[in-house]
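Novice: One structure coming up, written as structure tokens, with questions to follow.
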Amino acid sequence: MFGFRSKKTQERANPVSIVSTNNWQDLLTGNTYVSLADNPEVIAAVNTIAELVSNMSINLLENTDKGDKRVLNALSQLIDVQPAKGMTRKSWISKIVRDLYLYGDGNSICQIIVEPGADYLSELRPMDMSQITYVFEENKNKLTVRYKNKEYKTDQLVHFMINPDPVYPLIGTGYQSILKTLVDNLAQANRTKAQFFRGKYMPTIIIKVDADSEELASPEGREKIKQKYIDSDKSMEPWVIPSDMLEVQNVKPLTLKDIAINESVELDKKTVAAMFGVPPALLGVGNFSQAEYNNFVNTRIAGLGQVIAQTLTRDVLFKPEWFFRCNPRSLYQYNIKDLVAAGAEMVDRTAMGRNEWRGWVGLEPRDDMEELITLENYIPSSKLGAQDKLKGGDETDENGETDSADP
């Protein structure tokens with residue numbers, strides 16, 4: 001379902017705009033309407049985004065004088081492990097992403113549930129976006145959500161959104177109107193391709209018959225010729241036909257390339273990929289590029305993670321020093337050599353422990369790797385001052401003579 005300002009009522013005392021999420025496109029276009037959720041290319045793009053965003057952990061952090069530190073408590077565990085009953089973080093975020101792009105027209109809403117006797121929220125229960133209607137009071141700049149004939153205030157909900165509406169900035173907008181033509185073109189291309197696969201437009205034999213033949217004058221005569229010269233159980237045997245009556249030609253069937261279906265579909269796929277910010281290779285167009293994929297994670301995925309994290313911070317947290325953050329680092333395409341090289345640089349400068357380094361490459365921690373090491377001979381950082389080359393002044397050799405240290 002997709003949002004649309006299908007009905008507006010104005011009252012002089014208190015102007016109110018009702019924004020409905022009913023599926024209005026069917027009324028305007030009839031049976032020709034194809035939703036984004038019914039298009040394979042759009043589904044592939046949204047599934048890719050949902051898969052990556054849902055793989056990011058959601059961390060609760062506290063801003064301190066020494067930097068941001070992670071907070072581990074019941075709230076952080078609720079959000080990062082099981083934000084809603086029966087749903088893991090991955091399935092919960094996947095639902096949100098699909099609502100934003102497919103079913104909620106740029107919006108996804110969860111209800112804040114606090115069970116009796118609980119000190120804090122118990123779950124963030126996702127709502128069915130097809131049952132949502134927005135009631136916007138323009139004079140008060142206030143939004144109320146109507147769900148299944150019951151109204152909810154914004155402080156009872158967590159409202160995720162993308163692409164703020166230019167008229168009603170408290171709600172988001174999706175891609176249905178923008179991608180409608182492309183989705184229709186791709187649907188038509190798929191129907192044409194299906195007809196080709198069924199062989200409807202792919203004749204392999206053409207038979208030329210003498211026009212003066214009396215047998216062609218009636219359907220029974222034409223059928224008789226077909227049965228006589230074409231229909232045969234011995235299909236592998238050569239035909240023997242009169243040379244002055246019939247001429248048989250083998251015709252190469254048309255392909256999708258001949259009618260430019262492939263080029264048109266490829267262009268439409270690239271446009272869909274560009275609209276969603278997904279690398280075209282993930283939709284089956286072009287070659288995979290590691291740099292392009294990492295840029296996709298750094299922009300589209302990390303940006304959507306920011307939307308989710310900032311919305312949770314705004315609607316769930318009350319302590320000003322706390323905030324949520326999604327970490328996209330694990331989503332980047334890394335080469336094992338790059339991880340080892342980057343880890344070595346940080347370990348040499350004591351910015352990272354060796355067990356953290358081992359965790360980067362998927363190895364278990366070891367007790368003998370806990371101590372920090374540095375410099376070219378990799379001695380423990382606590383014994384840096386014991387190096388002879390760092391000592392100054394006179395030194396006594398084994399014969400009792402003193403030598404001045406090199407300047």
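Starting from 1 in every chain, residues are counted up; chains themselves are A, B, ... following the order of the structure tokens, and ligands are numbered from 1 as listed.
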When you look at Ile58 in chain A with a cut-off of 6 Å (counting only C-alpha atoms), what residues show up, excluding the ones that are within fewer than 5 positions of it in the same chain? I need them as a ChimeraX atom specification.

Specialist: /A:80,325-326

Novice: I'd like the contact shell of Phe296 in chain A - 10 Å cut-off, only C-alpha atoms, skipping same-chain residues fewer than 5 positions apart - returned as a VMD selection string.

Specialist: chain A and resid 49 277 to 279 290 to 291 301 to 303 332

Novice: Which residue is closest to Ser330 in chain A? Choose from A:Gly362, A:Asp348, A:Ala189, A:Arg354 and count only C-alpha atoms.

Specialist: A:Gly362

Novice: I'd like the neighbourhood of Leu124 in chain A as a PyMOL selection string, where a residue qualifies if any of its atoms comes within 12 Å (using only C-alpha atoms), though same-chain residues fewer than 2 positions away should be ignored.

Specialist: chain A and resi 75+78-80+82-89+92-93+96+108-115+120-122+126-127+156-159+312+315-316

Novice: Any chance you could list, as a VMD selection string, the residues in range 320-365 of chain A that come up strand (DSSP E or B) when DSSP is run on the backbone?

Specialist: chain A and resid 322 to 327

Novice: Give me the residues within 6 Å of Pro280 in chain A as an mmCIF file with N, CA, C and O atoms, in the first residue's frame, counting only C-alpha atoms and dropping any in the same chain fewer than 4 places off.

Specialist:
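Final output, saved to result10.cif:
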```
data_model
loop_
_atom_site.group_PDB
_atom_site.id
_atom_site.type_symbol
_atom_site.label_atom_id
_atom_site.label_comp_id
_atom_site.auth_asym_id
_atom_site.auth_seq_id
_atom_site.Cartn_x
_atom_site.Cartn_y
_atom_site.Cartn_z
ATOM 1 N N LYS A 270 19.099 -0.400 -14.769
ATOM 2 C CA LYS A 270 20.087 0.569 -14.300
ATOM 3 C C LYS A 270 19.398 1.774 -13.672
ATOM 4 O O LYS A 270 19.883 2.326 -12.679
ATOM 5 N N ALA A 273 18.188 0.702 -10.258
ATOM 6 C CA ALA A 273 19.339 0.635 -9.360
ATOM 7 C C ALA A 273 19.782 2.023 -8.928
ATOM 8 O O ALA A 273 20.121 2.248 -7.754
ATOM 9 N N VAL A 285 23.216 -6.500 -13.820
ATOM 10 C CA VAL A 285 23.645 -5.654 -14.938
ATOM 11 C C VAL A 285 25.082 -5.213 -14.702
ATOM 12 O O VAL A 285 25.384 -4.605 -13.674
#
```

Novice: Which is closer to Leu52 in chain A than all the others in A:Arg349, A:Lys66, A:Lys90, A:Lys337, using only C-alpha atoms?

Specialist: A:Lys90

Novice: So that I can see what lies close to Ala341 in chain A, please list as a PyMOL selection string the residues with an atom at most 12 Å from it, counting only C-alpha atoms and leaving out residues fewer than 5 positions away in the same chain.

Specialist: chain A and resi 334-336+346-348+357+360-361

Novice: Taking into account only C-alpha atoms, which residue in the set A:Arg358, A:Lys319, A:Arg329, A:Lys142 is nearest to Glu62 in chain A?

Specialist: A:Lys319

Novice: What is the CA of Lys95 in chain A to CA of Phe160 in chain A distance in Å?

Specialist: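 So the answer is 11.5 Å.
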